[in-house]
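**Student:** Data file run33.cif (mmCIF, C-alpha atoms) is appended below.
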data_coords
#
loop_
_atom_site.label_atom_id
_atom_site.label_comp_id
_atom_site.auth_asym_id
_atom_site.auth_seq_id
_atom_site.Cartn_x
_atom_site.Cartn_y
_atom_site.Cartn_z
CA MET A 52 14.41 -13.85 -20.04
CA ILE A 53 14.58 -14.34 -16.28
CA SER A 54 15.41 -17.73 -14.81
CA GLU A 55 15.43 -18.86 -11.19
CA GLY A 56 16.07 -22.57 -10.79
CA LYS A 57 14.37 -24.44 -13.63
CA GLU A 58 11.42 -22.08 -13.97
CA GLN A 59 11.75 -19.29 -16.49
CA ILE A 60 9.58 -16.84 -18.39
CA THR A 61 10.17 -14.76 -21.49
CA MET A 62 8.85 -11.27 -22.10
CA GLU A 63 6.44 -12.64 -24.71
CA GLU A 64 5.07 -15.16 -22.21
CA LEU A 65 4.75 -12.43 -19.60
CA GLU A 66 2.65 -10.33 -21.98
CA GLU A 67 0.40 -13.33 -22.69
CA ILE A 68 -0.21 -13.79 -18.96
CA VAL A 69 -0.94 -10.08 -18.49
CA LEU A 70 -3.52 -10.23 -21.31
CA LEU A 71 -5.08 -13.40 -19.88
CA ILE A 72 -5.50 -11.84 -16.43
CA ARG A 73 -6.95 -8.64 -17.89
CA GLY A 74 -9.40 -10.48 -20.14
CA GLN A 75 -10.60 -13.10 -17.68
CA TYR A 76 -10.44 -11.33 -14.32
CA GLY A 77 -10.30 -7.60 -15.09
CA TYR A 78 -7.01 -6.92 -13.28
CA ASP A 79 -4.62 -4.85 -15.40
CA PHE A 80 -0.90 -5.31 -14.77
CA GLY A 81 0.01 -3.83 -18.15
CA ASP A 82 1.80 -0.80 -16.70
CA TYR A 83 3.66 -2.53 -13.90
CA ALA A 84 7.47 -2.42 -14.11
CA ARG A 85 8.44 -5.41 -16.23
CA ALA A 86 11.57 -6.60 -14.42
CA SER A 87 9.78 -6.69 -11.07
CA LEU A 88 6.72 -8.37 -12.58
CA GLN A 89 8.88 -11.05 -14.23
CA ARG A 90 10.58 -11.87 -10.94
CA ARG A 91 7.26 -12.16 -9.15
CA LEU A 92 5.78 -14.40 -11.85
CA VAL A 93 8.77 -16.74 -11.62
CA ARG A 94 8.37 -16.83 -7.85
CA CYS A 95 4.66 -17.67 -8.25
CA MET A 96 5.58 -20.52 -10.59
CA GLN A 97 8.04 -21.89 -8.06
CA GLN A 98 5.58 -21.66 -5.18
CA SER A 99 2.72 -23.24 -7.13
CA GLY A 100 4.72 -26.04 -8.72
CA CYS A 101 4.08 -24.80 -12.26
CA ARG A 102 7.18 -25.76 -14.25
CA THR A 103 6.31 -23.78 -17.39
CA PRO A 104 4.38 -20.61 -18.25
CA TYR A 105 1.91 -22.85 -20.12
CA GLU A 106 1.08 -24.67 -16.87
CA LEU A 107 0.64 -21.33 -15.12
CA LYS A 108 -1.69 -20.06 -17.85
CA TYR A 109 -3.70 -23.30 -17.70
CA GLN A 110 -4.22 -22.94 -13.95
CA LEU A 111 -5.16 -19.27 -14.27
CA THR A 112 -7.65 -20.06 -17.01
CA ASN A 113 -9.38 -22.97 -15.28
CA ASP A 114 -9.19 -22.44 -11.52
CA LYS A 115 -10.62 -19.31 -9.86
CA ARG A 116 -9.29 -20.40 -6.48
CA PHE A 117 -5.82 -20.63 -7.98
CA PHE A 118 -6.19 -17.08 -9.30
CA ALA A 119 -7.15 -15.83 -5.81
CA TRP A 120 -3.95 -17.39 -4.45
CA PHE A 121 -1.96 -16.08 -7.42
CA LEU A 122 -3.20 -12.51 -6.90
CA GLU A 123 -2.17 -12.62 -3.24
CA ALA A 124 1.26 -14.03 -4.13
CA LEU A 125 1.81 -11.61 -7.01
CA THR A 126 0.90 -8.34 -5.35
CA VAL A 127 3.43 -6.65 -3.09
CA ASN A 128 2.57 -7.09 0.59
CA VAL A 129 5.77 -5.82 2.22
CA THR A 130 4.79 -3.42 5.00
CA GLU A 131 5.40 -2.70 8.67
CA MET A 132 4.16 -0.47 11.47
CA PHE A 133 5.90 2.91 11.76
CA ARG A 134 8.15 2.06 8.84
CA ASP A 135 10.75 4.82 8.44
CA PRO A 136 10.29 6.39 11.90
CA ALA A 137 11.58 9.77 10.68
CA PHE A 138 8.55 9.96 8.38
CA TYR A 139 6.13 9.38 11.25
CA ARG A 140 8.02 11.84 13.44
CA GLU A 141 7.51 14.47 10.75
CA LEU A 142 3.80 13.63 10.58
CA ARG A 143 3.53 13.83 14.34
CA ASN A 144 5.35 17.13 14.71
CA ASN A 145 4.56 19.10 11.57
CA VAL A 146 1.69 17.65 9.52
CA LEU A 147 -0.97 16.57 12.01
CA PRO A 148 -0.89 19.96 13.81
CA LYS A 149 -1.81 21.55 10.45
CA LEU A 150 -4.61 19.02 9.85
CA ALA A 151 -6.01 19.77 13.31
CA SER A 152 -7.60 22.93 11.90
CA TYR A 153 -10.11 20.86 9.87
CA PRO A 154 -13.41 19.92 11.56
CA ILE A 155 -13.35 16.56 9.72
CA ILE A 156 -10.05 15.07 8.54
CA LYS A 157 -9.99 12.58 5.66
CA ILE A 158 -6.89 10.48 4.97
CA TRP A 159 -6.36 7.93 2.20
CA HIS A 160 -3.84 5.08 2.42
CA ALA A 161 -3.52 3.84 -1.17
CA GLY A 162 -2.01 0.37 -1.53
CA CYS A 163 -2.52 -0.36 2.17
CA ALA A 164 -1.48 -4.05 1.97
CA THR A 165 -2.36 -5.72 5.28
CA GLY A 166 -2.95 -2.45 7.12
CA GLU A 167 0.16 -1.87 9.22
CA GLU A 168 0.66 1.71 8.01
CA VAL A 169 -2.94 2.78 8.45
CA PHE A 170 -2.91 1.29 11.98
CA SER A 171 0.20 3.37 12.64
CA MET A 172 -1.60 6.47 11.42
CA ALA A 173 -4.60 5.72 13.65
CA ILE A 174 -2.28 5.51 16.68
CA LEU A 175 -0.65 8.84 15.76
CA LEU A 176 -4.08 10.44 15.39
CA HIS A 177 -5.20 9.01 18.73
CA GLU A 178 -2.14 10.45 20.47
CA ALA A 179 -2.77 13.82 18.82
CA GLY A 180 -6.42 13.80 19.95
CA LEU A 181 -7.63 13.73 16.32
CA LEU A 182 -8.79 10.16 15.73
CA GLU A 183 -12.45 10.74 16.64
CA ARG A 184 -12.87 13.33 13.87
CA THR A 185 -10.81 11.53 11.24
CA ARG A 186 -12.03 9.15 8.54
CA LEU A 187 -9.31 6.88 7.19
CA TYR A 188 -9.76 5.14 3.85
CA ALA A 189 -7.42 2.18 3.28
CA THR A 190 -7.52 0.68 -0.21
CA ASP A 191 -5.75 -2.17 -1.95
CA LEU A 192 -6.00 -4.26 -5.09
CA ASN A 193 -5.84 -7.53 -3.17
CA PRO A 194 -9.03 -8.68 -1.36
CA ALA A 195 -7.05 -11.10 0.85
CA ASN A 196 -4.97 -8.18 2.15
CA LEU A 197 -8.13 -6.25 2.96
CA ASP A 198 -9.73 -9.19 4.79
CA ARG A 199 -6.69 -9.51 7.03
CA ALA A 200 -6.50 -5.76 7.60
CA ARG A 201 -10.19 -5.56 8.60
CA GLN A 202 -9.46 -8.04 11.39
CA GLY A 203 -6.58 -5.91 12.68
CA ILE A 204 -4.17 -8.84 12.53
CA VAL A 205 -0.43 -8.16 12.78
CA PRO A 206 2.24 -10.89 13.23
CA LEU A 207 3.18 -10.98 16.92
CA GLN A 208 6.80 -11.79 16.12
CA GLN A 209 7.13 -8.36 14.49
CA MET A 210 5.93 -6.35 17.46
CA LYS A 211 9.38 -5.95 19.03
CA ASP A 212 10.62 -4.25 15.86
CA TYR A 213 7.41 -2.24 15.59
CA THR A 214 7.76 -1.09 19.18
CA PHE A 215 11.27 0.16 18.40
CA ASN A 216 9.95 1.99 15.30
CA TYR A 217 7.18 3.55 17.38
CA ILE A 218 9.61 4.85 20.01
CA GLN A 219 11.93 6.20 17.30
CA SER A 220 8.96 8.04 15.76
CA GLY A 221 8.44 9.95 19.02
CA GLY A 222 5.87 7.70 20.64
CA GLY A 223 5.84 7.85 24.41
CA ASN A 224 3.07 5.45 25.41
CA ASP A 225 3.27 1.75 26.21
CA PHE A 226 3.00 0.34 22.68
CA SER A 227 1.56 -2.95 23.95
CA SER A 228 -1.54 -1.04 25.09
CA TYR A 229 -2.57 -0.72 21.44
CA TYR A 230 -3.01 -4.44 20.80
CA THR A 231 -3.89 -7.80 22.34
CA ALA A 232 -1.58 -10.80 21.88
CA ARG A 233 -3.45 -13.86 20.64
CA TYR A 234 -1.45 -16.97 19.79
CA GLU A 235 0.94 -15.94 16.99
CA ASN A 236 -0.83 -12.68 16.20
CA ALA A 237 -1.34 -9.25 17.68
CA ILE A 238 -4.83 -7.81 17.25
CA ILE A 239 -5.00 -4.02 17.04
CA HIS A 240 -7.75 -2.85 19.39
CA LYS A 241 -11.08 -2.00 17.73
CA GLU A 242 -11.12 1.53 19.09
CA TYR A 243 -8.16 2.36 16.81
CA ARG A 244 -9.76 0.65 13.78
CA LYS A 245 -13.34 1.88 14.03
CA ASN A 246 -12.81 4.92 11.79
CA ILE A 247 -11.00 2.99 9.06
CA VAL A 248 -12.88 2.07 5.88
CA PHE A 249 -11.20 -0.76 3.95
CA ALA A 250 -12.11 -1.04 0.26
CA MET A 251 -10.80 -2.33 -3.05
CA HIS A 252 -9.32 0.29 -5.36
CA ASN A 253 -7.12 -0.18 -8.41
CA LEU A 254 -4.70 2.67 -9.09
CA ALA A 255 -4.37 1.46 -12.68
CA ALA A 256 -8.07 1.78 -13.49
CA ASP A 257 -10.24 3.40 -10.78
CA GLN A 258 -11.09 7.06 -10.32
CA VAL A 259 -11.32 9.76 -7.65
CA PHE A 260 -13.76 8.76 -4.90
CA ASN A 261 -13.37 11.48 -2.25
CA GLU A 262 -11.42 14.59 -1.24
CA PHE A 263 -8.59 14.18 1.26
CA GLN A 264 -6.34 16.36 3.40
CA LEU A 265 -3.60 13.69 3.35
CA ILE A 266 -2.84 10.83 0.95
CA CYS A 267 -0.22 8.21 1.80
CA CYS A 268 1.01 5.94 -0.99
CA ARG A 269 4.35 4.68 0.24
CA ASN A 270 6.50 2.14 -1.62
CA VAL A 271 3.90 1.42 -4.30
CA LEU A 272 4.97 3.63 -7.21
CA ILE A 273 8.35 1.88 -7.43
CA TYR A 274 6.54 -1.12 -8.93
CA PHE A 275 4.88 0.96 -11.68
CA ASN A 276 6.27 2.09 -15.01
CA ARG A 277 6.41 5.81 -15.84
CA ASP A 278 2.91 5.95 -17.39
CA LEU A 279 1.24 4.33 -14.41
CA GLN A 280 3.20 6.48 -11.98
CA ASN A 281 1.85 9.52 -13.80
CA ARG A 282 -1.68 8.19 -13.70
CA ALA A 283 -1.51 7.46 -9.99
CA VAL A 284 0.03 10.80 -9.01
CA THR A 285 -2.46 12.69 -11.18
CA LEU A 286 -5.24 10.79 -9.40
CA PHE A 287 -3.76 11.84 -6.06
CA ARG A 288 -3.56 15.48 -7.18
CA ASP A 289 -7.22 15.40 -8.20
CA SER A 290 -8.15 13.75 -4.88
CA LEU A 291 -6.44 16.28 -2.61
CA ALA A 292 -8.11 19.23 -0.94
CA PRO A 293 -6.41 22.59 -1.53
CA LEU A 294 -3.04 22.56 0.27
CA GLY A 295 -3.45 18.85 0.99
CA TYR A 296 -0.46 16.63 1.71
CA LEU A 297 0.90 13.70 -0.31
CA ALA A 298 3.34 11.21 1.26
CA LEU A 299 5.46 8.82 -0.83
CA GLY A 300 8.03 6.17 0.01
CA MET A 301 11.63 7.05 0.78
CA LYS A 302 12.81 5.84 -2.66
CA GLU A 303 10.00 7.56 -4.56
CA SER A 304 9.75 11.07 -5.99
CA LEU A 305 7.53 13.40 -8.00
CA LEU A 306 10.56 14.65 -9.95
CA PHE A 307 9.81 12.80 -13.19
CA THR A 308 6.00 13.03 -13.10
CA ASP A 309 3.88 15.36 -15.21
CA VAL A 310 2.27 16.99 -12.16
CA ARG A 311 5.43 17.78 -10.19
CA ASP A 312 4.82 21.54 -10.58
CA HIS A 313 1.50 21.15 -8.76
CA PHE A 314 3.31 20.23 -5.54
CA GLU A 315 5.96 21.66 -3.26
CA ALA A 316 8.26 19.45 -1.18
CA VAL A 317 7.56 20.61 2.37
CA HIS A 318 9.52 17.83 4.09
CA PRO A 319 11.72 16.52 1.26
CA ALA A 320 13.91 14.20 3.36
CA VAL A 321 10.90 12.01 4.13
CA ARG A 322 9.04 12.59 0.82
CA ILE A 323 6.13 14.69 2.08
CA TYR A 324 4.68 17.07 -0.50
CA ARG A 325 1.92 19.67 -0.40
CA SER A 326 -0.49 20.61 -3.15
CA LYS A 327 -0.12 24.19 -4.37
CA MET A 328 -3.81 24.43 -5.27
#
Spell out the structure here as C-alpha cells.

**Tutor:**
Amino acid sequence: MISEGKEQITMEELEEIVLLIRGQYGYDFGDYARASLQRRLVRCMQQSGCRTPYELKYQLTNDKRFFAWFLEALTVNVTEMFRDPAFYRELRNNVLPKLASYPIIKIWHAGCATGEEVFSMAILLHEAGLLERTRLYATDLNPANLDRARQGIVPLQQMKDYTFNYIQSGGGNDFSSYYTARYENAIIHKEYRKNIVFAMHNLAADQVFNEFQLICCRNVLIYFNRDLQNRAVTLFRDSLAPLGYLALGMKESLLFTDVRDHFEAVHPAVRIYRSKM
C-alpha cells in the first residue's frame, strides 16, 4: 500500500480502478508498471480532493468531465525541447544524413505528450533541408496533450533552458526565430508544424498504421511492465522500414525485450537502434 498524506490506495483498489476505466472508457492501464501507477493515482486523489479510492471511483463512474481531467493528470506529460542534447547531436550528425536518401521521410513520435520533442525534430529537419519532404506523425493517449501540441504552445519560461539544449545539440541559428512569444507562452511557428500530423494512438491496444524510417519513443517504456514493453517494441519493429531507426530514452533499452535480436545498437550511448531487416 502506498500512502502520501492521508490519501492511500491498496493494490486491490488499484486493480478495481483499472477495471473501471477499461470497462467504462476503453483505456487499458493493465500493463502499466504498478508502483508508478499507484503513485500517480494517489497524486490524482490529492489534487482532486478525493479522500478515499471509493470517492475516486464514484467520480470516475459518474462524471465524464472528471475523467477527462483524470486522464490528463494520470498520464505522463514530462517533456522538453532538445532533451538530452547528445541524442539530438547524434541525429543531426549521423542519422538525418542517412534519411536524406529517401524521397519521402516518415517519422513517428510515439507518446509525444505536448509536442516538444516533435517540434525539436522539425527544427532539426528544417536545418538539414529535409522538412519539406518529411511527414511527422505525433501520437499520444491523452487528447488534451494533442490539443495543446496542435497549437504549438510551449511554456515561455522554459525557453531559456530549451535554447541551451538547442545550442548543446549543435544548433547554430537564433533559437528565438523558431517561435513567437505571446504572454506566458511561446508559439512554435506554423511553418515548422505544417508537416506534423497529431493523432490519438494507444500503445497498449492499437496496431501498425504506417511504415517509418525513424520511430522515437523516448521515456515512455519506463512506465510499462515487461509485457507491454514487449508489445510496444514489437509494434515498432513491425512499423519500421528495412534498416529503419528506433530511438528510446536514455534509461531505456531493448536488452530484455523479445525482439532485441532484430535490432543493432548503432549509437548505443544515446539509445539509437537500427532494424536489421

**Student:** Considering only C-alpha atoms, return as an mmCIF file with C-alpha atoms, in the frame of the given file whatever protein or nucleic-acid residues lie within 7 Å of Tyr83 in chain A, sequence-local ones (same chain, fewer than 3 positions apart) excluded.

**Tutor:**
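Listing of result-v3.cif after writing:
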data_model
loop_
_atom_site.group_PDB
_atom_site.id
_atom_site.type_symbol
_atom_site.label_atom_id
_atom_site.label_comp_id
_atom_site.auth_asym_id
_atom_site.auth_seq_id
_atom_site.Cartn_x
_atom_site.Cartn_y
_atom_site.Cartn_z
ATOM 1 C CA PHE A 80 -0.900 -5.310 -14.770
ATOM 2 C CA LEU A 88 6.720 -8.370 -12.580
ATOM 3 C CA TYR A 274 6.540 -1.120 -8.930
ATOM 4 C CA PHE A 275 4.880 0.960 -11.680
ATOM 5 C CA ASN A 276 6.270 2.090 -15.010
#

**Student:** Using the chain letters and numbers from the file, which residues does the PyMOL selection byres ((chain A and resi 98) around 12) grab, as a PyMOL selection string?

**Tutor:** chain A and resi 55-56+58+91-97+99-102+107+117+120-121+124-125

**Student:** Can I get the selected residues back with C-alpha atoms, as a CSV table (one decimal), keeping the file's coordinate frame?

**Tutor:**
chain,number,residue,atom,x,y,z
A,55,GLU,CA,15.4,-18.9,-11.2
A,56,GLY,CA,16.1,-22.6,-10.8
A,58,GLU,CA,11.4,-22.1,-14.0
A,91,ARG,CA,7.3,-12.2,-9.2
A,92,LEU,CA,5.8,-14.4,-11.8
A,93,VAL,CA,8.8,-16.7,-11.6
A,94,ARG,CA,8.4,-16.8,-7.8
A,95,CYS,CA,4.7,-17.7,-8.2
A,96,MET,CA,5.6,-20.5,-10.6
A,97,GLN,CA,8.0,-21.9,-8.1
A,99,SER,CA,2.7,-23.2,-7.1
A,100,GLY,CA,4.7,-26.0,-8.7
A,101,CYS,CA,4.1,-24.8,-12.3
A,102,ARG,CA,7.2,-25.8,-14.2
A,107,LEU,CA,0.6,-21.3,-15.1
A,117,PHE,CA,-5.8,-20.6,-8.0
A,120,TRP,CA,-4.0,-17.4,-4.4
A,121,PHE,CA,-2.0,-16.1,-7.4
A,124,ALA,CA,1.3,-14.0,-4.1
A,125,LEU,CA,1.8,-11.6,-7.0

**Student:** Rank nothing, just name the residue among A:Gln59, A:Glu303, A:Pro206, A:Tyr324 nearest to Glu106 in chain A, using all atoms listed in the file.

**Tutor:**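 Looking only at the distances to Glu106 in chain A, the closest residue turns out to be A:Gln59.
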
**Student:** Identify the residues within 12 Å of coordinate (9.2, -14.0, -21.4) (same frame as the file), considering only C-alpha atoms, and give the answer as a list in words.

**Tutor:**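 Returned residue set, sorted by chain then number, is Met52, Ile53, Ser54, Glu58, Gln59, Ile60, Thr61, Met62, Glu63, Glu64, Leu65, Glu66, Glu67, Ile68, Val69, Arg85, Ala86, Leu88, Gln89, Arg90, Leu92, Val93, Thr103, Pro104 and Tyr105 of chain A.
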
**Student:** Can you work out which one of A:Ala161, A:Ala292, A:Met210, A:Leu286 has the shortest atom-to-atom distance to Cys267 in chain A, counting all atoms listed in the file?

**Tutor:**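 Of the candidates, the smallest distance to Cys267 in chain A is held by A:Ala161.
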
**Student:** Of the candidates A:Gln208, A:Arg140, A:Leu279, A:Leu71, which one gets nearest to Ala256 in chain A if we count only C-alpha atoms?

**Tutor:**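 The answer is A:Leu279, which sits nearest to Ala256 in chain A.
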
**Student:** Report the residues retrieved by the PyMOL selection byres ((chain A and resi 257) around 12) from the displayed file, expressed as a PyMOL selection string.

**Tutor:** chain A and resi 77-79+161+190-192+251-256+258-260+282-283+286-287

**Student:** Calculate how many Å separate CA of Ile156 in chain A from CA of Gly180 in chain A, rounding to one decimal.

**Tutor:**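 For CA of Ile156 in chain A relative to CA of Gly180 in chain A, the distance reads 12.0 Å.
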
**Student:** Can you list, as a PDB file with C-alpha atoms, in the coordinates of the input, the residues that the PyMOL selection byres ((chain A and resi 193-203) around 7) selects here?

**Tutor:**
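Okay, result_38.pdb is ready:
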ATOM      1  CA  LEU A 122      -3.200 -12.510  -6.900  1.00  0.00           C
ATOM      2  CA  GLU A 123      -2.170 -12.620  -3.240  1.00  0.00           C
ATOM      3  CA  ALA A 164      -1.480  -4.050   1.970  1.00  0.00           C
ATOM      4  CA  THR A 165      -2.360  -5.720   5.280  1.00  0.00           C
ATOM      5  CA  GLY A 166      -2.950  -2.450   7.120  1.00  0.00           C
ATOM      6  CA  ASP A 191      -5.750  -2.170  -1.950  1.00  0.00           C
ATOM      7  CA  LEU A 192      -6.000  -4.260  -5.090  1.00  0.00           C
ATOM      8  CA  ILE A 204      -4.170  -8.840  12.530  1.00  0.00           C
ATOM      9  CA  VAL A 205      -0.430  -8.160  12.780  1.00  0.00           C
ATOM     10  CA  ILE A 238      -4.830  -7.810  17.250  1.00  0.00           C
ATOM     11  CA  ILE A 239      -5.000  -4.020  17.040  1.00  0.00           C
ATOM     12  CA  PHE A 249     -11.200  -0.760   3.950  1.00  0.00           C
ATOM     13  CA  MET A 251     -10.800  -2.330  -3.050  1.00  0.00           C
TER      14      MET A 251
END

**Student:** Using only C-alpha atoms for the distances, tell me which of A:Lys108, A:Arg277, A:His160, A:Arg311 is nearest to Asp82 in chain A.

**Tutor:**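 Residue with the minimum atom-to-atom distance to Asp82 in chain A: A:Arg277.
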
**Student:** Hey, which of A:Ala84, A:Val310, A:Glu183, A:Tyr296 ends up closest to Asn145 in chain A? Count all atoms listed in the file.

**Tutor:**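 That would be A:Tyr296, the residue with the smallest distance to Asn145 in chain A.
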
**Student:** For Leu265 in chain A, which residue among A:Ala173, A:Ala119, A:Ala137, A:Ala298 is the nearest when counting all atoms listed in the file?

**Tutor:**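 Comparing A:Ala173, A:Ala119, A:Ala137, A:Ala298 against Leu265 in chain A, the winner is A:Ala298.
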
**Student:** Just give me the gap between CA of Tyr213 in chain A and CA of Met132 in chain A in Å, one decimal is fine.

**Tutor:**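 It comes out at 5.5 Å.
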
**Student:** With 10 Å as the threshold, what does the neighbourhood of (16.7, 7.0, 10.9) contain in terms of residues, counting all atoms listed in the file? Coordinates are those of the file; answer as JSON, numbers by chain.

**Tutor:** {"A": [135, 136, 137, 138, 216, 219, 220]}

**Student:** Record the distance separating CA of Ile266 in chain A and CA of Asp312 in chain A, expressed in Å with one decimal.

**Tutor:** 17.5 Å
